[in-house]
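Colleague: What follows is model-v4.txt; its format and atoms are compact mmCIF, C-alpha atoms.
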# COMPACT_ATOMS: atom_id res chain seq x y z
CA MET U 1 46.75 17.84 9.26
CA VAL U 2 46.68 14.04 9.55
CA GLU U 3 48.84 13.57 6.42
CA LYS U 4 51.69 15.61 8.00
CA LEU U 5 51.96 13.20 10.96
CA GLY U 6 54.16 10.14 11.08
CA PHE U 7 52.90 6.55 11.12
CA LEU U 8 53.16 6.15 14.92
CA GLN U 9 51.57 9.55 15.53
CA LYS U 10 48.68 8.65 13.23
CA ALA U 11 48.20 5.34 14.98
CA GLU U 12 48.25 7.03 18.38
CA LEU U 13 45.72 9.62 17.24
CA LEU U 14 43.39 7.07 15.65
CA ALA U 15 43.49 4.81 18.69
CA THR U 16 40.95 7.06 20.40
CA VAL U 17 38.48 6.83 17.50
CA GLN U 18 36.17 3.89 16.80
CA ILE U 19 36.66 3.06 13.10
CA PRO U 20 36.97 -0.14 11.06
CA VAL U 21 40.39 -1.81 10.95
CA GLY U 22 40.73 -1.32 7.17
CA GLN U 23 40.20 2.41 7.45
CA PHE U 24 42.60 2.52 10.41
CA ILE U 25 45.43 0.98 8.36
CA ALA U 26 44.63 3.07 5.26
CA ILE U 27 44.69 6.34 7.20
CA ALA U 28 47.90 5.39 8.95
CA LEU U 29 49.56 4.66 5.59
CA GLY U 30 48.21 7.88 4.09
CA ARG U 31 46.11 6.10 1.45
CA PHE U 32 42.63 6.78 2.79
CA ARG U 33 40.45 9.56 1.44
CA PRO U 34 37.20 10.11 3.35
CA ALA U 35 33.99 10.01 1.37
CA PRO U 36 32.24 13.35 0.93
CA SER U 37 29.47 14.11 3.40
CA GLN U 38 25.94 13.43 2.29
CA PRO U 39 24.51 16.52 0.57
CA MET U 40 21.26 18.04 1.70
CA GLU U 41 19.69 17.02 -1.61
CA LEU U 42 19.94 13.35 -0.63
CA MET U 43 18.34 14.06 2.71
CA GLY U 44 15.52 16.01 1.06
CA THR U 45 14.97 13.20 -1.41
CA TYR U 46 14.85 10.70 1.43
CA VAL U 47 12.26 12.75 3.33
CA VAL U 48 10.10 13.15 0.22
CA ARG U 49 10.34 9.41 -0.47
CA ARG U 50 9.25 8.57 3.08
CA LEU U 51 6.34 10.99 2.86
CA LEU U 52 5.22 9.52 -0.45
CA THR U 53 5.34 6.09 1.15
CA ALA U 54 3.25 7.31 4.07
CA ILE U 55 0.43 8.64 1.86
CA PRO U 56 -0.78 5.24 0.51
CA THR U 57 -0.32 3.82 4.00
CA LEU U 58 -2.72 6.41 5.39
CA PHE U 59 -5.23 5.76 2.61
CA PHE U 60 -5.15 2.03 3.37
CA ILE U 61 -5.58 2.68 7.10
CA SER U 62 -8.52 5.02 6.44
CA PHE U 63 -10.18 2.35 4.28
CA VAL U 64 -9.74 -0.31 6.97
CA ILE U 65 -11.09 1.96 9.72
CA PHE U 66 -14.10 3.03 7.66
CA ALA U 67 -14.87 -0.53 6.54
CA LEU U 68 -14.67 -2.05 10.03
CA LEU U 69 -16.78 0.64 11.65
CA ASP U 70 -19.25 0.55 8.78
CA LEU U 71 -19.92 -3.08 9.67
CA ALA U 72 -20.68 -2.10 13.26
CA PRO U 73 -24.37 -2.05 14.18
CA GLY U 74 -26.09 1.28 14.60
CA ASP U 75 -26.85 4.44 12.63
CA PRO U 76 -28.14 7.92 13.56
CA ALA U 77 -31.75 6.73 13.33
CA SER U 78 -31.28 3.78 15.69
CA SER U 79 -30.86 6.06 18.72
CA LEU U 80 -34.15 7.87 18.09
CA PRO U 81 -37.11 7.18 20.42
CA PRO U 82 -39.43 4.31 19.44
CA SER U 83 -42.24 6.81 18.94
CA VAL U 84 -40.55 8.17 15.79
CA PRO U 85 -42.20 6.58 12.74
CA GLN U 86 -40.15 4.18 10.67
CA ALA U 87 -40.74 6.27 7.56
CA VAL U 88 -39.10 9.27 9.25
CA LYS U 89 -36.12 7.14 10.21
CA GLU U 90 -35.75 6.02 6.61
CA GLN U 91 -35.84 9.63 5.44
CA ILE U 92 -33.04 10.45 7.91
CA ARG U 93 -30.94 7.57 6.62
CA GLU U 94 -31.54 8.64 3.04
CA ALA U 95 -30.66 12.28 3.78
CA LEU U 96 -27.40 11.25 5.41
CA GLY U 97 -26.47 8.93 2.54
CA PHE U 98 -26.69 5.64 4.43
CA ASN U 99 -28.53 3.94 1.63
CA ALA U 100 -25.71 4.68 -0.84
CA PRO U 101 -23.24 1.92 -1.77
CA PHE U 102 -20.16 1.45 0.40
CA PRO U 103 -17.62 2.89 -2.12
CA VAL U 104 -19.71 6.06 -2.48
CA ARG U 105 -19.98 6.55 1.27
CA TYR U 106 -16.23 5.99 1.74
CA TYR U 107 -15.39 8.43 -1.06
CA LYS U 108 -17.60 11.13 0.48
CA TRP U 109 -16.19 10.58 3.97
CA LEU U 110 -12.61 10.69 2.70
CA GLY U 111 -13.26 13.88 0.72
CA GLN U 112 -14.79 15.55 3.75
CA PHE U 113 -11.91 14.50 5.98
CA VAL U 114 -9.07 15.35 3.58
CA ILE U 115 -10.51 18.52 1.97
CA ASN U 116 -13.40 20.08 3.85
CA GLU U 117 -12.19 19.62 7.41
CA PRO U 118 -8.65 21.04 6.84
CA LEU U 119 -10.12 24.03 4.98
CA SER U 120 -12.56 24.69 7.82
CA ALA U 121 -9.75 24.37 10.38
CA VAL U 122 -7.61 26.89 8.50
CA GLU U 123 -10.53 29.29 8.33
CA SER U 124 -11.25 29.03 12.05
CA MET U 125 -7.59 29.60 12.99
CA THR U 126 -6.81 32.41 10.55
CA GLY U 127 -10.17 34.05 9.95
CA LEU U 128 -9.69 33.80 6.19
CA GLN U 129 -12.47 32.76 3.83
CA ILE U 130 -11.43 30.02 1.40
CA PRO U 131 -13.98 29.65 -1.44
CA LEU U 132 -13.44 25.91 -1.93
CA TYR U 133 -15.51 22.96 -0.87
CA PHE U 134 -16.05 19.27 -1.61
CA ASP U 135 -19.68 18.61 -2.48
CA GLY U 136 -19.51 14.83 -2.26
CA ALA U 137 -18.39 14.37 -5.83
CA PHE U 138 -15.97 17.13 -6.90
CA ILE U 139 -13.97 20.04 -5.52
CA ARG U 140 -15.83 23.20 -6.39
CA VAL U 141 -15.24 26.94 -6.09
CA GLY U 142 -17.97 28.89 -4.38
CA ASP U 143 -19.66 29.60 -1.08
CA ALA U 144 -17.94 27.78 1.78
CA GLY U 145 -21.34 27.43 3.43
CA HIS U 146 -21.98 24.49 1.09
CA ARG U 147 -19.03 22.66 2.63
CA LEU U 148 -20.10 19.29 4.01
CA ARG U 149 -18.65 18.48 7.44
CA ILE U 150 -18.20 15.23 9.36
CA THR U 151 -20.73 15.70 12.15
CA SER U 152 -21.29 13.85 15.40
CA TRP U 153 -24.44 11.81 15.79
CA ALA U 154 -24.47 12.19 19.57
CA SER U 155 -23.87 15.98 19.63
CA ARG U 156 -26.76 17.08 17.40
CA GLY U 157 -24.76 17.68 14.25
CA THR U 158 -21.71 19.38 15.77
CA PRO U 159 -18.64 18.90 13.52
CA VAL U 160 -16.33 16.26 14.96
CA ILE U 161 -13.23 18.39 14.42
CA GLU U 162 -14.73 21.11 16.61
CA LEU U 163 -15.33 18.55 19.36
CA ILE U 164 -11.73 17.38 19.04
CA MET U 165 -10.38 20.96 19.23
CA GLN U 166 -12.41 21.51 22.41
CA ARG U 167 -10.95 18.40 24.06
CA LEU U 168 -7.40 18.63 22.74
CA PRO U 169 -6.05 21.21 25.26
CA GLN U 170 -6.99 18.99 28.20
CA THR U 171 -5.23 16.00 26.67
CA LEU U 172 -2.13 18.04 25.84
CA TRP U 173 -1.95 19.37 29.39
CA VAL U 174 -1.93 15.86 30.85
CA VAL U 175 -0.20 13.82 28.16
CA GLY U 176 2.30 16.44 27.02
CA LEU U 177 3.45 17.36 30.50
CA ALA U 178 3.69 13.71 31.54
CA TYR U 179 5.79 12.77 28.51
CA LEU U 180 8.10 15.74 28.96
CA LEU U 181 8.69 14.88 32.61
CA SER U 182 9.22 11.19 31.80
CA VAL U 183 11.94 12.04 29.26
CA LEU U 184 13.66 14.47 31.65
CA ILE U 185 13.65 11.85 34.42
CA ALA U 186 14.28 8.67 32.41
CA LEU U 187 17.40 9.81 30.53
CA PRO U 188 19.50 10.79 33.60
CA LEU U 189 18.15 7.79 35.50
CA GLY U 190 19.12 5.34 32.75
CA ILE U 191 22.55 6.94 32.25
CA LEU U 192 23.41 6.89 35.96
CA SER U 193 22.14 3.31 36.33
CA ALA U 194 24.47 2.17 33.55
CA VAL U 195 27.47 4.10 34.88
CA LYS U 196 26.84 2.83 38.43
CA GLN U 197 25.99 -0.70 37.36
CA ASN U 198 25.29 -3.21 40.15
CA THR U 199 25.39 -0.52 42.84
CA ILE U 200 22.60 0.27 45.28
CA PHE U 201 21.47 3.14 43.05
CA ASP U 202 21.22 0.80 40.06
CA GLN U 203 19.29 -1.79 42.04
CA VAL U 204 16.82 0.79 43.37
CA ALA U 205 16.34 2.22 39.88
CA THR U 206 15.79 -1.30 38.52
CA VAL U 207 13.12 -2.04 41.12
CA PHE U 208 11.48 1.32 40.37
CA SER U 209 11.45 0.56 36.63
CA VAL U 210 10.11 -2.98 37.00
CA ILE U 211 7.28 -1.85 39.29
CA GLY U 212 6.40 1.11 37.08
CA TYR U 213 6.33 -0.96 33.91
CA SER U 214 4.49 -3.91 35.46
CA LEU U 215 1.60 -2.05 37.07
CA PRO U 216 -1.12 -0.87 34.67
CA THR U 217 -2.09 2.77 34.81
CA PHE U 218 -5.66 2.06 35.91
CA PHE U 219 -4.39 0.27 39.04
CA THR U 220 -1.80 2.94 39.84
CA GLY U 221 -4.39 5.65 39.26
CA LEU U 222 -6.87 4.10 41.68
CA VAL U 223 -4.18 3.69 44.35
CA VAL U 224 -3.09 7.31 43.95
CA ILE U 225 -6.71 8.55 44.20
CA ILE U 226 -7.38 6.52 47.36
CA ILE U 227 -4.20 7.66 49.11
CA PHE U 228 -3.71 11.27 48.06
CA ALA U 229 -7.26 12.39 47.26
CA VAL U 230 -9.53 10.38 49.58
CA ARG U 231 -7.33 9.73 52.63
CA LEU U 232 -4.96 12.71 52.65
CA ASN U 233 -7.22 15.13 50.71
CA TRP U 234 -4.21 16.73 49.03
CA PHE U 235 -5.61 16.79 45.49
CA PRO U 236 -9.08 16.93 43.93
CA THR U 237 -10.61 13.60 42.95
CA ILE U 238 -12.21 14.89 39.72
CA TYR U 239 -10.50 16.96 37.02
CA ASP U 240 -12.24 20.30 36.43
CA THR U 241 -12.17 20.86 32.67
CA THR U 242 -13.89 24.25 32.98
CA LEU U 243 -11.00 25.75 34.95
CA LYS U 244 -9.18 28.54 33.13
CA VAL U 245 -5.76 29.78 34.19
CA THR U 246 -6.06 33.54 34.65
CA ASP U 247 -4.07 34.26 37.82
CA TRP U 248 -1.77 32.62 40.34
CA ASN U 249 -4.56 30.92 42.31
CA SER U 250 -6.07 29.38 39.19
CA PHE U 251 -2.58 28.24 38.11
CA VAL U 252 -2.06 26.52 41.48
CA ALA U 253 -5.48 24.88 41.15
CA GLN U 254 -4.55 23.66 37.67
CA MET U 255 -1.27 22.18 38.93
CA ARG U 256 -3.06 20.45 41.83
CA GLN U 257 -5.55 18.72 39.56
CA LEU U 258 -2.80 17.82 37.08
CA ALA U 259 -0.57 16.28 39.75
CA MET U 260 -2.15 12.82 40.00
CA PRO U 261 -2.83 11.98 36.32
CA VAL U 262 0.55 13.39 35.26
CA ALA U 263 2.33 11.45 38.02
CA VAL U 264 0.66 8.17 37.01
CA LEU U 265 1.56 8.56 33.33
CA THR U 266 5.07 9.79 34.11
CA PHE U 267 5.71 6.81 36.41
CA PHE U 268 4.68 4.33 33.72
CA GLN U 269 6.55 5.99 30.83
CA THR U 270 9.72 6.67 32.82
CA ALA U 271 10.04 3.00 33.72
CA GLY U 272 10.32 1.72 30.15
CA LEU U 273 12.37 4.59 28.76
CA SER U 274 14.93 4.47 31.59
CA ARG U 275 15.49 0.73 31.10
CA PHE U 276 16.04 1.22 27.38
CA THR U 277 18.49 4.06 28.04
CA ARG U 278 20.39 1.92 30.54
CA SER U 279 20.61 -0.98 28.10
CA SER U 280 21.87 1.28 25.30
CA MET U 281 24.49 2.79 27.61
CA LEU U 282 25.73 -0.62 28.75
CA ASP U 283 26.11 -1.76 25.14
CA ASN U 284 28.34 1.22 24.36
CA LEU U 285 30.34 1.08 27.59
CA LYS U 286 31.69 -2.35 26.55
CA LEU U 287 33.01 -1.23 23.16
CA ASP U 288 36.69 -0.87 22.32
CA TYR U 289 36.71 2.88 21.79
CA VAL U 290 35.63 3.42 25.41
CA ARG U 291 38.48 1.28 26.76
CA THR U 292 40.91 3.09 24.46
CA ALA U 293 39.71 6.50 25.65
CA ARG U 294 40.15 5.42 29.27
CA ALA U 295 43.61 4.04 28.51
CA LYS U 296 44.59 7.42 27.07
CA GLY U 297 43.94 8.96 30.46
CA LEU U 298 40.69 10.79 29.72
CA ARG U 299 38.52 11.54 32.71
CA GLU U 300 35.61 9.16 33.24
CA ARG U 301 33.11 12.00 33.14
CA TRP U 302 34.50 13.13 29.78
CA VAL U 303 34.41 9.59 28.39
CA VAL U 304 30.80 9.11 29.43
CA THR U 305 29.36 12.49 28.46
CA ARG U 306 31.40 13.11 25.32
CA HIS U 307 31.46 9.66 23.76
CA VAL U 308 29.16 7.08 25.38
CA VAL U 309 26.07 9.22 25.98
CA ARG U 310 26.24 10.75 22.52
CA ASN U 311 26.24 7.36 20.81
CA SER U 312 23.75 5.78 23.21
CA LEU U 313 21.07 8.42 22.73
CA ILE U 314 20.70 7.74 18.99
CA PRO U 315 18.27 4.79 19.44
CA VAL U 316 16.75 6.48 22.49
CA ALA U 317 15.83 9.57 20.46
CA THR U 318 14.12 7.31 17.94
CA LEU U 319 12.19 5.58 20.73
CA VAL U 320 11.09 8.95 22.13
CA ALA U 321 9.73 9.99 18.73
CA LEU U 322 7.88 6.69 18.29
CA GLY U 323 6.43 6.92 21.80
CA ILE U 324 4.59 10.20 21.22
CA PRO U 325 1.55 8.70 19.41
CA GLN U 326 1.41 5.81 21.86
CA ILE U 327 0.89 8.10 24.85
CA PHE U 328 -2.24 9.57 23.26
CA ALA U 329 -3.75 6.11 23.00
CA GLY U 330 -2.42 5.07 26.41
CA ALA U 331 -3.92 8.12 28.10
CA ILE U 332 -7.45 6.91 27.32
CA VAL U 333 -7.59 4.79 30.48
CA THR U 334 -5.98 7.47 32.64
CA GLU U 335 -8.44 10.10 31.43
CA GLN U 336 -11.34 7.85 32.33
CA ILE U 337 -10.01 7.25 35.86
CA PHE U 338 -9.38 10.92 36.66
CA ARG U 339 -12.39 12.19 34.65
CA VAL U 340 -10.23 14.26 32.32
CA ASN U 341 -12.49 15.45 29.52
CA GLY U 342 -9.93 14.90 26.75
CA LEU U 343 -9.66 12.92 23.53
CA GLY U 344 -9.74 9.61 25.37
CA ALA U 345 -13.02 10.47 27.07
CA LEU U 346 -14.41 11.67 23.74
CA LEU U 347 -13.55 8.34 22.11
CA ILE U 348 -15.00 6.26 24.95
CA ASN U 349 -18.23 8.26 24.99
CA ALA U 350 -18.51 7.99 21.21
CA ILE U 351 -18.13 4.21 21.38
CA ALA U 352 -20.74 3.97 24.14
CA SER U 353 -23.25 6.07 22.18
CA THR U 354 -22.50 4.41 18.80
CA ASP U 355 -21.26 7.71 17.40
CA ILE U 356 -19.54 6.17 14.36
CA PRO U 357 -18.28 9.42 12.71
CA THR U 358 -16.53 10.50 15.92
CA VAL U 359 -14.97 7.06 16.42
CA GLN U 360 -13.75 7.00 12.80
CA THR U 361 -12.23 10.47 13.01
CA VAL U 362 -10.47 10.05 16.37
CA THR U 363 -9.17 6.61 15.43
CA PHE U 364 -7.82 7.86 12.13
CA ILE U 365 -6.12 10.80 13.86
CA PHE U 366 -4.37 8.35 16.20
CA ALA U 367 -3.29 6.29 13.17
CA PHE U 368 -2.05 9.43 11.43
CA LEU U 369 0.09 10.30 14.46
CA VAL U 370 1.65 6.83 14.40
CA VAL U 371 2.54 7.06 10.70
CA PHE U 372 3.77 10.66 10.98
CA PHE U 373 6.07 10.04 13.94
CA ASN U 374 7.39 6.88 12.30
CA VAL U 375 8.55 9.11 9.45
CA VAL U 376 10.01 11.57 11.97
CA ALA U 377 11.86 8.73 13.72
CA ASP U 378 13.35 7.48 10.44
CA VAL U 379 14.55 10.95 9.50
CA LEU U 380 15.83 11.64 13.01
CA TYR U 381 17.79 8.39 13.07
CA GLY U 382 19.44 9.28 9.78
CA VAL U 383 20.36 12.74 11.05
CA LEU U 384 21.83 11.50 14.33
CA ASP U 385 23.69 8.49 12.93
CA PRO U 386 26.27 9.46 10.28
CA SER U 387 26.62 5.83 9.18
CA ILE U 388 23.10 5.91 7.71
CA SER U 389 23.21 6.54 3.97
CA TYR U 390 20.30 8.46 2.45
CA SER U 391 21.09 7.08 -0.98
Kindly transcribe the structure held in the file into structure tokens.

Modeller:
Amino acid sequence: MVEKLGFLQKAELLATVQIPVGQFIAIALGRFRPAPSQPMELMGTYVVRRLLTAIPTLFFISFVIFALLDLAPGDPASSLPPSVPQAVKEQIREALGFNAPFPVRYYKWLGQFVINEPLSAVESMTGLQIPLYFDGAFIRVGDAGHRLRITSWASRGTPVIELIMQRLPQTLWVVGLAYLLSVLIALPLGILSAVKQNTIFDQVATVFSVIGYSLPTFFTGLVVIIIFAVRLNWFPTIYDTTLKVTDWNSFVAQMRQLAMPVAVLTFFQTAGLSRFTRSSMLDNLKLDYVRTARAKGLRERWVVTRHVVRNSLIPVATLVALGIPQIFAGAIVTEQIFRVNGLGALLINAIASTDIPTVQTVTFIFAFLVVFFNVVADVLYGVLDPSISYS
């Protein structure tokens, strides 16, 4: 279609598109042939390459976490009463493998975490029986009852993964809902602030963002508890983790106890994300293709929604993906303030009771989320931005 147009018609058509000057002249003269789109094979190769890069990264992180926590004082026998004989404590250490060399202990822990725990999780979710287990040296076929698990010192031998699965729903309720609301609020807020730059709306949104990003969540949480729970008595002061949603009344009770922790996290996350969205919008609003589209007589709403927002959200989408693992770590303080019995509370209690296996497992899961969502962000950026070459 473009080749059938004249030079002036081509130039008029291309004036609304943001392309390099060399391509502009080549297309107008009929000498430009667009490069073929990137095949799916290149994208698949890129994803596989990023995943292969992430695997040694995770192994290195696991080694660092295990080594640092192995140097920490304390073992399962140190928390026993003084009346327990020293010989019994030594037998406990020997049975748990604490007298083995460091490489042996790390190898056993890694095998349990990478092999035994995923197999046990699959069995618990599906009900299937998988006759594989890691015995501390090799992967063997046989009775899954011989499968060694990473157990908590403070919970009388309960597998750490089971403790995490018990706490995970509470964290997802608070963290997941807060992050979803922050994205839904921050994107329109940042877009409108950029479009209405230097207006009263933009100034109010700027003040809101600066306050939200400056105040730590523990301070905001305490203020919210004092005002809305203690003074006004609108919401409960302590989060009830035993509450189950079975009817409308229990759903309302769940929403009431979620209101304050979700509001505190949403306020903090919305502040930073809205400022980044505003900055990205302002960068695109100053580009030549926006002025050209306006000069062609396109409506302002069409220019903003069709062109500017679409290009501005490419880095924002990457930031949203990278922010997901950060909110799990950031929710630790909020969970402590509102007594939410989630992963953050589990980690804090494990640190206080010197429960090294639980600290190692939760910390490594947080690290895994960071690496995983970094890969997701890289792939997402390549999908959204056509200028990124997978080759």

Colleague: Using all atoms listed in the file, pick whichever of U:Ser193, U:Ser353, U:Thr305, U:Gln170 has the shortest atom-to-atom distance to Phe328 (chain U).

Modeller: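 For Phe328 (chain U), the nearest of the given residues is U:Gln170.
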
Colleague: Which is closest to Phe219 (chain U) among U:Ala259, U:Leu52, U:Val264, U:Leu180, if we use only C-alpha atoms?

Modeller: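 Comparing U:Ala259, U:Leu52, U:Val264, U:Leu180 against Phe219 (chain U), the winner is U:Val264.
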
Colleague: Considering all atoms listed in the file, return as a PyMOL selection string whatever protein or nucleic-acid residues lie within 8 Å of Ser209 (chain U), sequence-local ones (same chain, fewer than 3 positions apart) excluded.

Modeller: chain U and resi 205-206+212-213+270-272+274-275

Colleague: Include C-alpha atoms and write out the residues we just selected as a PDB file, in the frame of the given file.

Modeller:
ATOM      1  CA  ALA U 205      16.340   2.220  39.880  1.00  0.00           C
ATOM      2  CA  THR U 206      15.790  -1.300  38.520  1.00  0.00           C
ATOM      3  CA  GLY U 212       6.400   1.110  37.080  1.00  0.00           C
ATOM      4  CA  TYR U 213       6.330  -0.960  33.910  1.00  0.00           C
ATOM      5  CA  THR U 270       9.720   6.670  32.820  1.00  0.00           C
ATOM      6  CA  ALA U 271      10.040   3.000  33.720  1.00  0.00           C
ATOM      7  CA  GLY U 272      10.320   1.720  30.150  1.00  0.00           C
ATOM      8  CA  SER U 274      14.930   4.470  31.590  1.00  0.00           C
ATOM      9  CA  ARG U 275      15.490   0.730  31.100  1.00  0.00           C
TER      10      ARG U 275
END

Colleague: To one decimal place in Å, what is the distance between CA of Gln197 (chain U) and CA of Ser312 (chain U)?

Modeller: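 Distance reported for this atom pair: 15.7 Å.
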
Colleague: Work out how far CA of Met165 (chain U) is from CA of Ile225 (chain U), in Å to one decimal.

Modeller: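 CA of Met165 (chain U) lies 28.1 Å from CA of Ile225 (chain U).
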
Colleague: Could you put an axis-aligned box around every listed atom of region 168-178 of chain U, padded by 8 Å on each side, and send me its centre and edge lengths in Å to one decimal, as lines of an AutoDock Vina configuration file?

Modeller:
center_x = -1.9
center_y = 17.5
center_z = 27.1
size_x = 27.1
size_y = 23.5
size_z = 24.8

Colleague: Leaving out Leu68 (chain U) and any residue of its chain fewer than 5 positions from it, which residues lie within 12 Å of it when counting all atoms listed in the file, given as an mmCIF file with C-alpha atoms, in the coordinates of the input?

Modeller:
data_model
loop_
_atom_site.group_PDB
_atom_site.id
_atom_site.type_symbol
_atom_site.label_atom_id
_atom_site.label_comp_id
_atom_site.auth_asym_id
_atom_site.auth_seq_id
_atom_site.Cartn_x
_atom_site.Cartn_y
_atom_site.Cartn_z
ATOM 1 C CA ILE U 61 -5.580 2.680 7.100
ATOM 2 C CA SER U 62 -8.520 5.020 6.440
ATOM 3 C CA PHE U 63 -10.180 2.350 4.280
ATOM 4 C CA PRO U 73 -24.370 -2.050 14.180
ATOM 5 C CA PHE U 102 -20.160 1.450 0.400
ATOM 6 C CA TYR U 106 -16.230 5.990 1.740
ATOM 7 C CA ILE U 356 -19.540 6.170 14.360
ATOM 8 C CA VAL U 359 -14.970 7.060 16.420
ATOM 9 C CA GLN U 360 -13.750 7.000 12.800
ATOM 10 C CA THR U 363 -9.170 6.610 15.430
#
